[in-house]
Amino acid sequence: MAAEHGGAAPRGGPAAAAEKPDTAGRDDDRPDTKVASQSIRVHVDTLEYLMTMVSELVLTRNQLIEIVRRHEDSEFKAPLQRLSNVTAELQEGVLKTRMQPIGNAWQKLPRIVRDLSAELAKPIELEMHGADTELDRQVLDLIKDPLTHMVRNSADHGLELPAQRMAAGKPERGTIHLSACHEGGHIVIEISDDGRGLDIERIKTKAIAVGLASEAQIDKMTEAQIQRFIFAPGFSTVDRVTSVSGRGIGMDVVRANIDQIGGTIDVKSVGGRGTTFTIKIPLTLAIVSALIVEAGGDRFAIPQLAVLELVRVRKNSEHRIERIKNAPVLRLRDKLLPLVHLRSLLKLDEDGTGEAESGFIVVAQVGRQTFGIVVDGVFHTEEIVVKPMSSRLRHIAMFSGNTILGDGSVILIVDPNGILQAIGIGIAETARRATEAEREAAPQVQEEATESMLVFRAGSPNPKAVPLSLVTRLEEIDARTIETSNGRPLVQYRGQLMPLVPANAEVEIKTSGTQPLLVFSDDDRSMGLVVDEIVDIIDDRLDIELTTEQPGLIGSAVIKGQATEVIDIAHFLPLAFGDWCGWRERGGDKRRRSVLLVDDAPFFRNMLAPVLKAAGYIVTSAASGADALALMSAGQRFDVVVTDLEMPGMDGFELASALRGNPRTAEVPIIGLSALVSAEAIERGKRVGLHDYVAKFDRAGLIAALKEQTADLGRAA
């Protein structure tokens with residue numbers, strides 16, 4: 001077998017030359033001929049050999065790095081750094097020679113869909129996007145068959161017959177959508193259809209019939225858990241066997257093939273609207289980035305593809321392992337995360353220490369299932385060369401291979417997919433039981449939900465806070481990297497120049513050591529707020545008790561029993577970018593009125609909500625017009641609706657029309673927010689029933705408009 005490298009070989013030959021003797025000389029001068037003459041055919045075995053040699057070079061580099069780590073003043077540091085850079089570039093170059101567009105695996109799909117359309121008497125359209133997305137040839141070969149099977153599945157199971165689609169108000173022609181894109185160090189492939197969706201009731205019946213779960217277990221499961229039964233071996237809801245389906249060889253084989261290459265597959269289905277399968281696979285199988293951890297005295301590697309974050313836990317700290325109905329859980333940002341101890345799972349606790357209550361938690365995600373793996377220690381991340389498991393150990397699903405570390409140790413690579421399979425339904429049951437226990441222990445409902453606040457110090461010992469949802473990242477940069485341009489401090493941050501703004505006049509930007517920053521971002525703009533110290537992240541009610549006119553502050557609130565100044569990030573944005581927003585002085589209304597704030601951008605929702613709360617309003621946020629309608633349809637009442645007018649899907653004008661068309665909401669005042677105020681937009685707003693029209697960043701104008709509308713409500717009452 002041979003692989004094309006760098007382009008196609010020149011076309012034509014002796015026969016072609018004989019037919020056109022007069023143009024032979026001119027053909028050699030054509031640009032495409034010159035490019036083709038620079039291409040060669042490279043045998044696949046040669047590429048495999050090169051990849052093997054690069055893998056060995058990576059292992060050797062890792063060993064040298066480990067040696068130099070133990071000798072701080074080693075004279076080999078500089079040449080090793082150069083060797084490391086050359087190795088990385090060589091590795092990237094060899095990987096490129098193995099890369100092929102995923103479109104090569106899609107070439108036969110249009111014909112397959114065309115044949116299925118005729119065989120099943122269903123008009124089907126296949127849409128493909130991202131065919132030029134490249135991945136390793138080895139991965140490509142292993143993904144071809146699963147993709148073909150899933151497209152056939154969508155055509156047979158997913159899409160309805162034309163008469164059924166017409167009756168459901170859908171177009172007669174069904175659509176299968178196939179897309180691929182790069183995301184981090186892996187490829188995400190989506191196969192979706194606009195068909196009937198998965199039949200949850202039939203899946204339940206079949207799962208009980210084949211003994212996958214009991215009725216009692218099924219009743220406790222979520223829809224997402226029930227949908228995953230389709231990946232069980234031999235599972236099929238088709239009543240009869242055809243040439244297309246019903247043969248008992250289906251999604252379990254697809255999942256097995258994807259697991260084999262260290263990927264994950266997830267399904268999301270909405271009845272009557274369609275099904276989406278999401279596949280996440282690594283770019284290459286040869287060299288992957290992994291987190292090296294310790295459990296029970298042994299080291300293991302966890303592929304970073306599945307790692308979301310690391311959390312350190314200790315007894316009596318905010319992040320600690322709790323037990324609810326004897327199930328270990330971690331309370332992480334208002335969610336209960338089920339835990340599994342790697343030491344116990346691998347039966348490494350022979351010393352009798354049991355499940356430790358302190359250590360590190362690797363937060364992992366497989367599909368839509370998030371869980372924590374408790375380990376004793378975390379070392380570092382390292383690029384590892386994946387070696388296949390011995391034939392005697394391949395039956396152990398919790399390991400996907402082994403590797404050699406820089407110190408020469410051979411360690412096993414943990415497979416998060418295998419861990420999830422090993423603990424089965426138990427981990428989801430743990431989360432469910434923990435949530436139920438939480439509800440039983442705290443049946444009372446708070447009037448206002450808690451909010452995560454980032455607490456820091458700036459210019460004085462008094463604590464200051466900002467809603468964590470506004471903060472993009474917490475950074476500690478080397479103060480020597482801070483530069484000055486036109487008298488303004490800035491730093492090169494992720495390929496862009498990021499302006500730095502001190503949190504107040506008392507904060508001095510450091511000239512040496514590390515400088516803490518709070519990074520705020522919206523779209524492609526970022527700003528760094530310079531602070532003295534980042535203290536903690538605290539969940540508490542944000543209730544501004546004392547408002548202030550001091551620039552940069554909304555007011556003061558009691559957070560965890562301590563008086564804390566809440567900063568107004570809107571004050572700092574124009575200091576970084578003059579055109580980011582044109583905020584003016586804040587007004588206020590002391591009466592407690594309820595406001596529904598509708599904006600598709602989380603950044604602006606999170607920025608406006610504290611300001612409106614400080615002005616005395618009870619604020620509820622919605623991320624879209626559809627969400628706003630759902631809240632009001634569910635019986636919630638609001639005194640005023642404040643909506644962004646430029647939103648995807650249902651925009652603010654359409655939302656206003658829908659509210660005016662419903663007798664229950666026809667009289668609710670609506671204030672429109674827009675980045676651009678034009679006469680045409682104002683006229684359109686009047687037609688759909690907007691009570692007021694405010695520039696999106698005019699905070700004083702918005703509060704004045706709210707005050708006017710709520711004053712009208714007071715007079716009407």
# chains A, B, ... in the order shown; residues from 1 in each chain; ligands from 1
call {"tool": "residues_around", "arguments": {"residues": "Ala622 (chain A)", "least_positions_apart": "5", "cutoff": "7 Å", "atoms": "only C-alpha atoms", "output": "count of residues only"}}
result
5
call {"tool": "residues_around", "arguments": {"residues": "Ala163 (chain A)", "least_positions_apart": "6", "cutoff": "12 Å", "atoms": "only C-alpha atoms", "output": "PyMOL selection string"}}
result
chain A and resi 121-123+169-174
call {"tool": "closest_residue", "arguments": {"among": "A:Gly297, A:Gly262, A:Gly274, A:Pro282", "to": "His186 (chain A)", "atoms": "only C-alpha atoms"}}
result
A:Pro282
call {"tool": "atom_distance", "arguments": {"atom1": "CA of Leu342 (chain A)", "atom2": "CA of Arg312 (chain A)"}}
result
15.2 Å
call {"tool": "residues_around", "arguments": {"residues": "Asp115 (chain A)", "least_positions_apart": "3", "cutoff": "12 Å", "atoms": "only C-alpha atoms", "output": "ChimeraX atom specification"}}
result
/A:108-112,118-125,152,155-156,244
call {"tool": "atom_distance", "arguments": {"atom1": "CA of Met398 (chain A)", "atom2": "CA of Ala306 (chain A)"}}
result
13.8 Å
call {"tool": "select_by_dssp", "arguments": {"residues": "region 59-146 of chain A", "states": "strand (DSSP E)", "output": "number ranges by chain"}}
result
A: 99-101, 124-129, 134-136
call {"tool": "closest_residue", "arguments": {"among": "A:Ile534, A:Ala397, A:Ile187, A:Leu702", "to": "Pro461 (chain A)", "atoms": "only C-alpha atoms"}}
result
A:Ile534
call {"tool": "atom_distance", "arguments": {"atom1": "CA of Ile477 (chain A)", "atom2": "CA of Ile361 (chain A)"}}
result
25.8 Å
call {"tool": "closest_residue", "arguments": {"among": "A:Ala681, A:Ile302, A:Ile258, A:Leu405", "to": "Val362 (chain A)", "atoms": "only C-alpha atoms"}}
result
A:Ile302
